[in-house]
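What follows is target_12.cif (mmCIF, C-alpha atoms).
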```cif
data_protein
loop_
_atom_site.label_atom_id
_atom_site.label_comp_id
_atom_site.auth_asym_id
_atom_site.auth_seq_id
_atom_site.Cartn_x
_atom_site.Cartn_y
_atom_site.Cartn_z
CA MET Z 1 41.99 32.29 76.60
CA LYS Z 2 43.78 31.88 73.33
CA ILE Z 3 45.04 28.43 74.35
CA LEU Z 4 41.46 27.34 75.22
CA ARG Z 5 40.21 28.49 71.82
CA ASN Z 6 42.91 26.50 70.06
CA ILE Z 7 42.04 23.43 72.09
CA ILE Z 8 38.38 23.76 71.10
CA ILE Z 9 39.29 24.07 67.42
CA VAL Z 10 41.50 20.97 67.61
CA VAL Z 11 38.75 18.99 69.37
CA ILE Z 12 36.21 20.03 66.75
CA ALA Z 13 38.59 19.07 63.93
CA PHE Z 14 39.29 15.67 65.49
CA SER Z 15 35.58 15.15 66.07
CA PHE Z 16 34.76 15.96 62.46
CA LEU Z 17 37.52 13.62 61.29
CA ALA Z 18 36.28 10.88 63.61
CA VAL Z 19 32.73 11.26 62.33
CA ASN Z 20 33.89 10.95 58.72
CA LEU Z 21 35.99 7.92 59.60
CA VAL Z 22 33.30 6.14 61.59
CA PHE Z 23 29.99 7.20 60.00
CA PHE Z 24 29.06 6.71 56.34
CA GLN Z 25 25.90 7.10 54.30
CA VAL Z 26 24.46 4.64 51.78
CA ASP Z 27 22.52 6.13 48.85
CA ALA Z 28 19.50 4.48 47.16
CA THR Z 29 21.45 4.17 43.90
CA GLU Z 30 24.33 2.16 45.33
CA ALA Z 31 25.44 -0.72 47.50
CA VAL Z 32 28.28 -0.51 50.04
CA ILE Z 33 30.61 -3.32 51.01
CA VAL Z 34 32.50 -2.93 54.29
CA THR Z 35 35.93 -4.55 54.17
CA GLN Z 36 38.31 -5.28 57.00
CA PHE Z 37 41.95 -5.28 56.00
CA GLY Z 38 40.80 -5.83 52.40
CA ASP Z 39 38.46 -8.76 53.09
CA PRO Z 40 34.70 -8.26 52.60
CA LEU Z 41 32.93 -8.06 55.92
CA ASN Z 42 29.42 -6.77 55.30
CA THR Z 43 27.23 -5.83 52.29
CA ILE Z 44 24.74 -3.00 52.74
CA ILE Z 45 22.08 -2.43 50.07
CA ASN Z 46 19.51 -0.43 52.03
CA PRO Z 47 19.99 3.36 52.09
CA GLY Z 48 20.74 5.03 55.44
CA LEU Z 49 23.46 6.09 57.90
CA TYR Z 50 25.86 3.39 59.15
CA THR Z 51 29.04 3.10 61.27
CA LYS Z 52 32.31 1.27 60.95
CA LEU Z 53 35.74 1.24 62.44
CA PRO Z 54 37.97 4.00 61.20
CA ASP Z 55 40.54 3.38 58.50
CA PRO Z 56 42.73 1.42 58.16
CA PHE Z 57 40.83 -1.12 60.22
CA GLN Z 58 37.71 -1.02 58.09
CA SER Z 59 36.98 0.67 54.80
CA ILE Z 60 34.04 0.81 52.36
CA VAL Z 61 33.64 0.12 48.64
CA ARG Z 62 30.73 1.78 46.84
CA ILE Z 63 29.15 -0.04 43.90
CA ASN Z 64 26.67 1.60 41.55
CA THR Z 65 23.45 -0.47 41.33
CA GLN Z 66 21.69 1.74 38.80
CA LEU Z 67 20.83 0.58 35.29
CA GLN Z 68 23.86 1.35 33.14
CA VAL Z 69 24.35 1.51 29.37
CA TYR Z 70 27.20 0.03 27.40
CA ASN Z 71 27.56 1.14 23.76
CA LEU Z 72 28.94 -1.52 21.46
CA PRO Z 73 31.28 0.05 18.87
CA ARG Z 74 30.51 -0.31 15.15
CA THR Z 75 31.26 -3.95 14.33
CA GLU Z 76 30.88 -6.08 11.21
CA PHE Z 77 29.03 -9.40 11.51
CA LEU Z 78 28.08 -12.25 9.17
CA THR Z 79 24.54 -13.66 8.79
CA SER Z 80 23.66 -17.28 8.04
CA ASP Z 81 23.34 -16.52 4.30
CA GLN Z 82 26.88 -15.11 4.29
CA SER Z 83 25.78 -11.45 4.12
CA ASN Z 84 28.04 -8.90 5.78
CA ILE Z 85 26.29 -6.31 7.95
CA VAL Z 86 27.60 -3.53 10.18
CA LEU Z 87 25.88 -3.01 13.54
CA GLU Z 88 25.88 -0.35 16.22
CA ALA Z 89 24.28 -1.79 19.34
CA TYR Z 90 23.95 -1.02 23.03
CA ALA Z 91 23.24 -3.11 26.10
CA THR Z 92 21.76 -2.14 29.45
CA TRP Z 93 23.17 -3.90 32.51
CA GLN Z 94 22.87 -3.75 36.30
CA VAL Z 95 24.72 -5.09 39.32
CA THR Z 96 22.64 -7.76 41.02
CA ASN Z 97 25.19 -9.25 43.47
CA PRO Z 98 27.52 -6.51 44.79
CA LEU Z 99 29.77 -8.92 46.70
CA LEU Z 100 30.25 -11.27 43.73
CA PHE Z 101 30.74 -8.24 41.50
CA LEU Z 102 33.54 -6.97 43.78
CA GLN Z 103 35.20 -10.37 44.03
CA THR Z 104 35.19 -11.08 40.23
CA VAL Z 105 35.54 -7.83 38.29
CA ARG Z 106 36.40 -5.38 41.10
CA GLY Z 107 34.80 -2.40 39.35
CA THR Z 108 32.87 -0.88 36.46
CA ILE Z 109 35.78 -0.67 34.00
CA ASN Z 110 36.59 -4.37 34.27
CA ALA Z 111 32.88 -5.18 34.10
CA GLN Z 112 32.48 -3.30 30.81
CA THR Z 113 35.52 -5.12 29.40
CA ARG Z 114 33.91 -8.47 30.19
CA LEU Z 115 30.56 -7.20 28.92
CA ALA Z 116 32.08 -6.14 25.57
CA ASP Z 117 33.46 -9.63 24.98
CA ILE Z 118 30.17 -11.30 25.92
CA ILE Z 119 27.96 -8.97 23.84
CA ASN Z 120 30.18 -9.27 20.76
CA SER Z 121 30.19 -13.03 21.08
CA GLU Z 122 26.43 -13.38 21.58
CA VAL Z 123 25.49 -10.87 18.86
CA GLY Z 124 27.74 -12.66 16.38
CA SER Z 125 26.29 -16.04 17.37
CA GLY Z 126 22.69 -14.81 17.18
CA LEU Z 127 23.07 -13.10 13.79
CA GLY Z 128 24.83 -16.16 12.42
CA GLN Z 129 21.58 -18.12 12.85
CA VAL Z 130 19.33 -15.84 10.79
CA GLU Z 131 19.33 -14.67 7.19
CA LEU Z 132 19.54 -11.05 6.11
CA ARG Z 133 15.92 -11.00 4.94
CA GLU Z 134 14.89 -11.92 8.50
CA LEU Z 135 16.57 -8.77 9.78
CA VAL Z 136 15.66 -6.30 7.02
CA SER Z 137 12.68 -6.93 4.74
CA THR Z 138 9.61 -5.24 3.28
CA ASP Z 139 7.56 -8.23 4.45
CA ILE Z 140 7.03 -7.75 8.16
CA ALA Z 141 5.99 -11.39 8.55
CA GLN Z 142 9.55 -12.49 7.69
CA VAL Z 143 11.32 -10.15 10.13
CA ARG Z 144 12.72 -11.89 13.25
CA LEU Z 145 14.87 -9.06 14.58
CA SER Z 146 13.00 -8.72 17.89
CA GLN Z 147 13.16 -12.47 18.57
CA THR Z 148 16.87 -12.53 17.71
CA LEU Z 149 17.68 -9.65 20.09
CA ALA Z 150 15.61 -11.26 22.85
CA THR Z 151 17.60 -14.48 22.46
CA ILE Z 152 20.89 -12.54 22.56
CA THR Z 153 19.77 -10.78 25.75
CA ILE Z 154 18.92 -14.07 27.50
CA GLN Z 155 22.20 -15.70 26.52
CA ALA Z 156 24.24 -12.66 27.60
CA ALA Z 157 22.41 -12.45 30.94
CA GLU Z 158 23.23 -16.09 31.70
CA ARG Z 159 26.92 -15.54 31.03
CA THR Z 160 27.21 -12.29 33.04
CA SER Z 161 25.43 -13.71 36.10
CA ASP Z 162 28.74 -15.36 37.09
CA PHE Z 163 30.22 -11.86 37.54
CA GLY Z 164 27.50 -10.42 39.80
CA PHE Z 165 25.72 -8.36 37.15
CA THR Z 166 23.13 -9.10 34.47
CA VAL Z 167 22.26 -7.82 31.00
CA THR Z 168 18.69 -6.53 30.93
CA ASP Z 169 18.37 -5.62 27.26
CA VAL Z 170 20.25 -5.54 23.95
CA ARG Z 171 19.11 -3.15 21.21
CA LEU Z 172 20.34 -1.93 17.83
CA GLN Z 173 21.17 1.69 17.16
CA ALA Z 174 21.96 1.22 13.47
CA LEU Z 175 22.14 -1.57 10.91
CA THR Z 176 23.89 -0.94 7.64
CA PHE Z 177 26.04 -2.72 5.11
CA PRO Z 178 29.66 -2.50 4.09
CA GLN Z 179 30.18 -0.22 1.14
CA ALA Z 180 31.07 -3.18 -1.09
CA ASN Z 181 27.68 -4.80 -0.46
CA LEU Z 182 25.44 -1.77 -0.90
CA THR Z 183 25.02 -2.29 -4.66
CA SER Z 184 23.80 -5.89 -4.31
CA VAL Z 185 21.49 -4.93 -1.45
CA PHE Z 186 19.90 -2.12 -3.44
CA GLN Z 187 19.50 -4.43 -6.44
CA ARG Z 188 17.74 -7.02 -4.29
CA MET Z 189 15.43 -4.38 -2.86
CA ARG Z 190 14.68 -3.12 -6.37
CA SER Z 191 13.87 -6.66 -7.53
CA GLU Z 192 11.48 -7.15 -4.62
CA ARG Z 193 9.70 -3.91 -5.44
CA GLU Z 194 9.42 -4.86 -9.12
CA ALA Z 195 7.97 -8.26 -8.20
CA ILE Z 196 5.35 -6.61 -6.01
CA ALA Z 197 4.54 -4.12 -8.79
CA ARG Z 198 4.11 -6.95 -11.32
CA GLN Z 199 1.80 -8.80 -8.99
CA LEU Z 200 -0.32 -5.69 -8.41
CA ARG Z 201 -0.50 -4.98 -12.15
CA SER Z 202 -1.52 -8.59 -12.84
CA GLU Z 203 -4.26 -8.43 -10.22
CA GLY Z 204 -5.42 -5.09 -11.62
CA THR Z 205 -5.56 -6.47 -15.17
CA GLU Z 206 -7.58 -9.46 -14.00
CA GLN Z 207 -10.04 -7.27 -12.13
CA ALA Z 208 -10.32 -4.93 -15.13
CA ALA Z 209 -11.13 -7.89 -17.42
CA VAL Z 210 -13.85 -9.05 -15.03
CA ILE Z 211 -15.31 -5.54 -14.82
CA ARG Z 212 -15.24 -5.13 -18.63
CA ALA Z 213 -16.91 -8.52 -19.11
CA ASP Z 214 -19.66 -7.62 -16.66
CA ALA Z 215 -20.11 -4.24 -18.36
CA ASP Z 216 -20.29 -5.84 -21.82
CA ALA Z 217 -22.85 -8.35 -20.58
CA ASP Z 218 -24.93 -5.57 -19.02
CA ALA Z 219 -24.65 -3.48 -22.22
CA ALA Z 220 -25.74 -6.45 -24.39
CA GLN Z 221 -28.72 -7.09 -22.11
CA ILE Z 222 -29.69 -3.42 -22.16
CA LEU Z 223 -29.43 -3.31 -25.99
CA ALA Z 224 -31.47 -6.50 -26.33
CA ASP Z 225 -34.16 -5.11 -24.04
CA ALA Z 226 -34.12 -1.79 -25.93
CA ASN Z 227 -34.36 -3.51 -29.36
CA GLN Z 228 -37.20 -5.66 -28.12
CA GLU Z 229 -39.01 -2.63 -26.79
CA ALA Z 230 -38.31 -0.67 -30.00
CA ALA Z 231 -39.63 -3.55 -32.12
CA GLY Z 232 -42.78 -3.58 -30.04
CA VAL Z 233 -43.17 0.18 -30.42
CA ARG Z 234 -42.56 -0.02 -34.18
CA GLY Z 235 -45.03 -2.88 -34.53
CA GLN Z 236 -47.65 -0.96 -32.60
CA ALA Z 237 -46.94 2.15 -34.69
CA ASP Z 238 -47.27 0.17 -37.94
CA ALA Z 239 -50.52 -1.34 -36.71
CA ASP Z 240 -51.80 2.11 -35.79
CA ALA Z 241 -50.73 3.47 -39.20
CA ILE Z 242 -52.46 0.62 -41.02
CA ALA Z 243 -55.57 1.25 -38.98
CA ILE Z 244 -55.43 4.95 -39.82
CA TYR Z 245 -54.89 4.19 -43.52
CA ALA Z 246 -57.77 1.72 -43.48
CA ASN Z 247 -60.06 4.23 -41.83
CA ALA Z 248 -59.01 6.91 -44.32
CA PHE Z 249 -59.59 4.56 -47.28
CA GLY Z 250 -62.96 3.63 -45.94
CA LEU Z 251 -64.03 7.27 -45.56
CA ASP Z 252 -63.02 8.35 -49.12
CA PRO Z 253 -61.45 5.62 -51.23
CA GLU Z 254 -61.01 7.80 -54.29
CA PHE Z 255 -59.15 10.57 -52.39
CA TYR Z 256 -57.04 7.97 -50.62
CA GLN Z 257 -56.06 6.45 -53.98
CA PHE Z 258 -55.22 9.92 -55.33
CA SER Z 259 -53.05 10.76 -52.25
CA ARG Z 260 -51.16 7.47 -52.38
CA THR Z 261 -50.52 7.90 -56.12
CA LEU Z 262 -49.01 11.35 -55.56
CA GLN Z 263 -46.81 9.92 -52.77
CA ALA Z 264 -45.64 7.26 -55.23
CA TYR Z 265 -44.77 9.94 -57.80
CA GLU Z 266 -42.71 11.77 -55.17
CA THR Z 267 -40.92 8.60 -54.15
CA PHE Z 268 -39.68 7.19 -57.47
CA ILE Z 269 -39.76 10.12 -59.92
CA ASP Z 270 -36.87 12.61 -59.96
CA GLN Z 271 -34.98 14.58 -62.62
CA ASN Z 272 -33.07 11.53 -63.92
CA THR Z 273 -35.98 9.04 -63.99
CA THR Z 274 -37.20 7.40 -67.25
CA LEU Z 275 -40.32 5.27 -67.04
CA ILE Z 276 -41.78 3.01 -69.71
CA LEU Z 277 -45.34 2.18 -68.71
CA PRO Z 278 -48.48 1.02 -70.55
CA SER Z 279 -51.07 3.71 -71.05
CA ASP Z 280 -53.53 1.94 -68.84
CA SER Z 281 -51.15 1.82 -65.89
CA PRO Z 282 -52.79 2.96 -62.61
CA LEU Z 283 -49.84 5.33 -62.09
CA LEU Z 284 -50.93 7.29 -65.18
CA SER Z 285 -54.61 7.37 -64.42
CA TYR Z 286 -54.46 10.91 -63.03
CA LEU Z 287 -52.14 12.16 -65.76
CA ASN Z 288 -54.17 10.67 -68.62
CA ALA Z 289 -57.71 11.49 -67.66
CA ALA Z 290 -58.96 10.98 -71.26
CA GLY Z 291 -57.65 7.41 -71.27
CA SER Z 292 -55.45 7.88 -74.39
CA SER Z 293 -51.70 7.39 -74.48
CA PHE Z 294 -49.78 9.90 -72.47
CA SER Z 295 -47.61 12.41 -74.29
CA VAL Z 296 -44.11 13.29 -73.17
CA ASN Z 297 -44.77 16.93 -74.02
CA ILE Z 298 -46.92 17.34 -70.97
CA PHE Z 299 -43.88 16.74 -68.69
CA GLU Z 300 -41.68 18.75 -70.94
CA ASP Z 301 -43.99 21.77 -70.53
CA VAL Z 302 -44.08 21.27 -66.78
CA ASN Z 303 -40.27 21.01 -66.53
CA SER Z 304 -39.41 23.50 -69.26
CA ASP Z 305 -37.14 25.43 -66.88
CA ASP Z 306 -35.11 22.31 -66.04
CA ASN Z 307 -32.36 21.28 -68.45
CA SER Z 308 -32.72 17.62 -67.49
CA ALA Z 309 -36.45 16.97 -67.72
CA THR Z 310 -37.98 13.70 -66.65
CA ASP Z 311 -39.17 11.60 -69.63
CA VAL Z 312 -42.25 9.50 -69.11
CA THR Z 313 -42.99 7.46 -72.24
CA PRO Z 314 -46.06 5.30 -72.05
CA LEU Z 315 -46.32 2.23 -74.28
CA GLU Z 316 -48.76 2.61 -77.21
CA SER Z 317 -52.03 0.87 -76.78
CA SER Z 318 -55.35 1.02 -78.60
CA PRO Z 319 -57.44 4.05 -77.64
CA THR Z 320 -60.03 3.44 -75.06
CA PRO Z 321 -63.54 4.06 -76.37
CA GLN Z 322 -65.19 7.10 -74.93
CA GLY Z 323 -68.60 7.08 -73.54
CA GLY Z 324 -69.02 3.33 -73.67
#
```

Please rewrite the model in this file as structure tokens.
Amino acid sequence: MKILRNIIIVVIAFSFLAVNLVFFQVDATEAVIVTQFGDPLNTIINPGLYTKLPDPFQSIVRINTQLQVYNLPRTEFLTSDQSNIVLEAYATWQVTNPLLFLQTVRGTINAQTRLADIINSEVGSGLGQVELRELVSTDIAQVRLSQTLATITIQAAERTSDFGFTVTDVRLQALTFPQANLTSVFQRMRSEREAIARQLRSEGTEQAAVIRADADADAAQILADANQEAAGVRGQADADAIAIYANAFGLDPEFYQFSRTLQAYETFIDQNTTLILPSDSPLLSYLNAAGSSFSVNIFEDVNSDDNSATDVTPLESSPTPQGG
């Protein structure tokens, strides 16, 4: 009984070993190449379960067909305008021909070595055809970074196709400058900003001058219209006043004459006024009712409380006869 159990265990072990040596599985993320005594025999790219002869007659080589990433180390390059820049880039690549890949580079490590040489060469060649301002600029219309990287990707893909894999994309992780060039770069950026600021200030000054000119023209027009309207109002007011005066004079000419004479006294006579008038002056008609020459003492009595009395001295004239 014990011998039978041992035989069963040995059979199971040999069966399991035979299955592993004969059957193999292909995953969706890989390709399998079956080799016979080291020579490629069959390439399998579809996932599933397959069989082969046990080793050492036939063996399999698994090749990863997923999209892989290669990180380019920090490297210094030179642009067409002789500007030094430091780049950190990466490239995505994928095996497209597993058999050619196995025959040329044998594996991923050798493939990345070839890829590093190709990417460095193509990046240096591509950057050597553009100026620094086409890679980094405040004017987006001048930037050609995307076109440059697209060209590098195409050139790299053409060169790697001979090794059974292709480059699908090349991108930048960082772009900076050597420490020795940072000062000149910052100065150039500062100059660009100052030029933009001067242009904006100039445009603002021009617009302000136009606005002020329009405002001055509008103000002058408004003032002219207002003066014209005011002149019309004043003319109408003067006409109305003349009409009122004429009506008042027509109603009572003597009272009108008396009122206007008093207004004249108030206008030109003050404490420092000296008048020399003939006795028959109309201005003295209400102060010299008898028609004789006017005496200064009358004003002196009226202004006796004022230290600086007004002197009104009429010129002497022959007395006017009374009663005809």

**OP:** Apply the PyMOL selection byres ((chain Z and resi 68) around 9) to the file shown and report the selected residues as a PyMOL selection string.
**Re:** chain Z and resi 64-67+69-70+91-95

Here's the selection I'm unsure about, the PyMOL selection byres ((chain Z and resi 149) around 12); applied to the file above, which residues does it give, as a PDB file with C-alpha atoms, in the frame of the given file?
```pdb
ATOM      1  CA  ALA Z  89      24.280  -1.790  19.340  1.00  0.00           C
ATOM      2  CA  TYR Z  90      23.950  -1.020  23.030  1.00  0.00           C
ATOM      3  CA  ALA Z  91      23.240  -3.110  26.100  1.00  0.00           C
ATOM      4  CA  ILE Z 119      27.960  -8.970  23.840  1.00  0.00           C
ATOM      5  CA  GLU Z 122      26.430 -13.380  21.580  1.00  0.00           C
ATOM      6  CA  VAL Z 123      25.490 -10.870  18.860  1.00  0.00           C
ATOM      7  CA  GLY Z 124      27.740 -12.660  16.380  1.00  0.00           C
ATOM      8  CA  SER Z 125      26.290 -16.040  17.370  1.00  0.00           C
ATOM      9  CA  GLY Z 126      22.690 -14.810  17.180  1.00  0.00           C
ATOM     10  CA  LEU Z 127      23.070 -13.100  13.790  1.00  0.00           C
ATOM     11  CA  GLN Z 129      21.580 -18.120  12.850  1.00  0.00           C
ATOM     12  CA  VAL Z 130      19.330 -15.840  10.790  1.00  0.00           C
ATOM     13  CA  LEU Z 135      16.570  -8.770   9.780  1.00  0.00           C
ATOM     14  CA  VAL Z 143      11.320 -10.150  10.130  1.00  0.00           C
ATOM     15  CA  ARG Z 144      12.720 -11.890  13.250  1.00  0.00           C
ATOM     16  CA  LEU Z 145      14.870  -9.060  14.580  1.00  0.00           C
ATOM     17  CA  SER Z 146      13.000  -8.720  17.890  1.00  0.00           C
ATOM     18  CA  GLN Z 147      13.160 -12.470  18.570  1.00  0.00           C
ATOM     19  CA  THR Z 148      16.870 -12.530  17.710  1.00  0.00           C
ATOM     20  CA  ALA Z 150      15.610 -11.260  22.850  1.00  0.00           C
ATOM     21  CA  THR Z 151      17.600 -14.480  22.460  1.00  0.00           C
ATOM     22  CA  ILE Z 152      20.890 -12.540  22.560  1.00  0.00           C
ATOM     23  CA  THR Z 153      19.770 -10.780  25.750  1.00  0.00           C
ATOM     24  CA  ILE Z 154      18.920 -14.070  27.500  1.00  0.00           C
ATOM     25  CA  GLN Z 155      22.200 -15.700  26.520  1.00  0.00           C
ATOM     26  CA  ALA Z 156      24.240 -12.660  27.600  1.00  0.00           C
ATOM     27  CA  VAL Z 167      22.260  -7.820  31.000  1.00  0.00           C
ATOM     28  CA  THR Z 168      18.690  -6.530  30.930  1.00  0.00           C
ATOM     29  CA  ASP Z 169      18.370  -5.620  27.260  1.00  0.00           C
ATOM     30  CA  VAL Z 170      20.250  -5.540  23.950  1.00  0.00           C
ATOM     31  CA  ARG Z 171      19.110  -3.150  21.210  1.00  0.00           C
ATOM     32  CA  LEU Z 172      20.340  -1.930  17.830  1.00  0.00           C
TER      33      LEU Z 172
END
```

Please return the centre and edge lengths, in Å to one decimal, of a box with edges along x, y and z that contains all listed atoms of segment 217-231 of chain Z, widened by 5 Å on every side, as AutoDock Vina command-line options.
```
--center_x -31.2 --center_y -4.5 --center_z -25.6 --size_x 26.8 --size_y 17.7 --size_z 23.1
```

**OP:** To verify the selection step, state as a PyMOL selection string which residues the PyMOL selection byres ((chain Z and resi 40) around 12) yields on this input.
**Re:** chain Z and resi 32-39+41-44+58-61+98-103+106

**OP:** Identify, on the basis of all atoms listed in the file, every residue whose closest approach to Val105 of chain Z does not exceed 7 Å; exclude the query and any residue fewer than 5 positions from it along the same chain; express the result as a VMD selection string.
**Re:** chain Z and resid 110 to 111 163

Take the residues just selected and output them with C-alpha atoms as a PDB file, in the frame of the given file.
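Generated file (part_9.pdb):
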```pdb
ATOM      1  CA  ASN Z 110      36.590  -4.370  34.270  1.00  0.00           C
ATOM      2  CA  ALA Z 111      32.880  -5.180  34.100  1.00  0.00           C
ATOM      3  CA  PHE Z 163      30.220 -11.860  37.540  1.00  0.00           C
TER       4      PHE Z 163
END
```

Original post:
Rounded to one decimal in Å, what is the spacing between atom CA of Asp27 of chain Z and atom CA of Tyr50 of chain Z?
Top reply: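 So the two atoms, atom CA of Asp27 of chain Z and atom CA of Tyr50 of chain Z, lie 11.2 Å apart.
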
**OP:** Pull the neighbourhood of (24.5, -10.0, 10.3) for me: all residues within 7 Å in file coordinates, counting all atoms listed in the file, as a VMD selection string.
**Re:** chain Z and resid 77 to 79 83 to 85 127 to 128 132

Original post:
If you measure from atom CA of Arg190 of chain Z to atom CA of Glu206 of chain Z, what distance in Å do you get, rounded to one decimal?
Top reply: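 One can read the atom CA of Arg190 of chain Z to atom CA of Glu206 of chain Z distance as 24.4 Å.
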
**OP:** Return the single residue from Z:Ala157, Z:Leu251, Z:Val136, Z:Ile63 that is closest to Leu115 of chain Z, with distances computed using only C-alpha atoms.
**Re:** Z:Ala157

Subject >> Residue nearest Leu72 of chain Z - candidates Z:Ile7, Z:Ile244, Z:Ala141, Z:Ala174, atoms counted: only C-alpha atoms >> reply: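 Looking only at the distances to Leu72 of chain Z, the closest residue turns out to be Z:Ala174.
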
Subject >> Counting all atoms listed in the file, the residue of Z:Asp81, Z:Glu229, Z:Glu158, Z:Asp270 that sits nearest Glu134 of chain Z >> reply: Z:Asp81

Original post:
Just how far from atom CA of Ile211 of chain Z is atom CA of Gln199 of chain Z, in Å to one decimal?
Top reply: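 Answer for the atom CA of Gln199 of chain Z to atom CA of Ile211 of chain Z separation: 18.4 Å.
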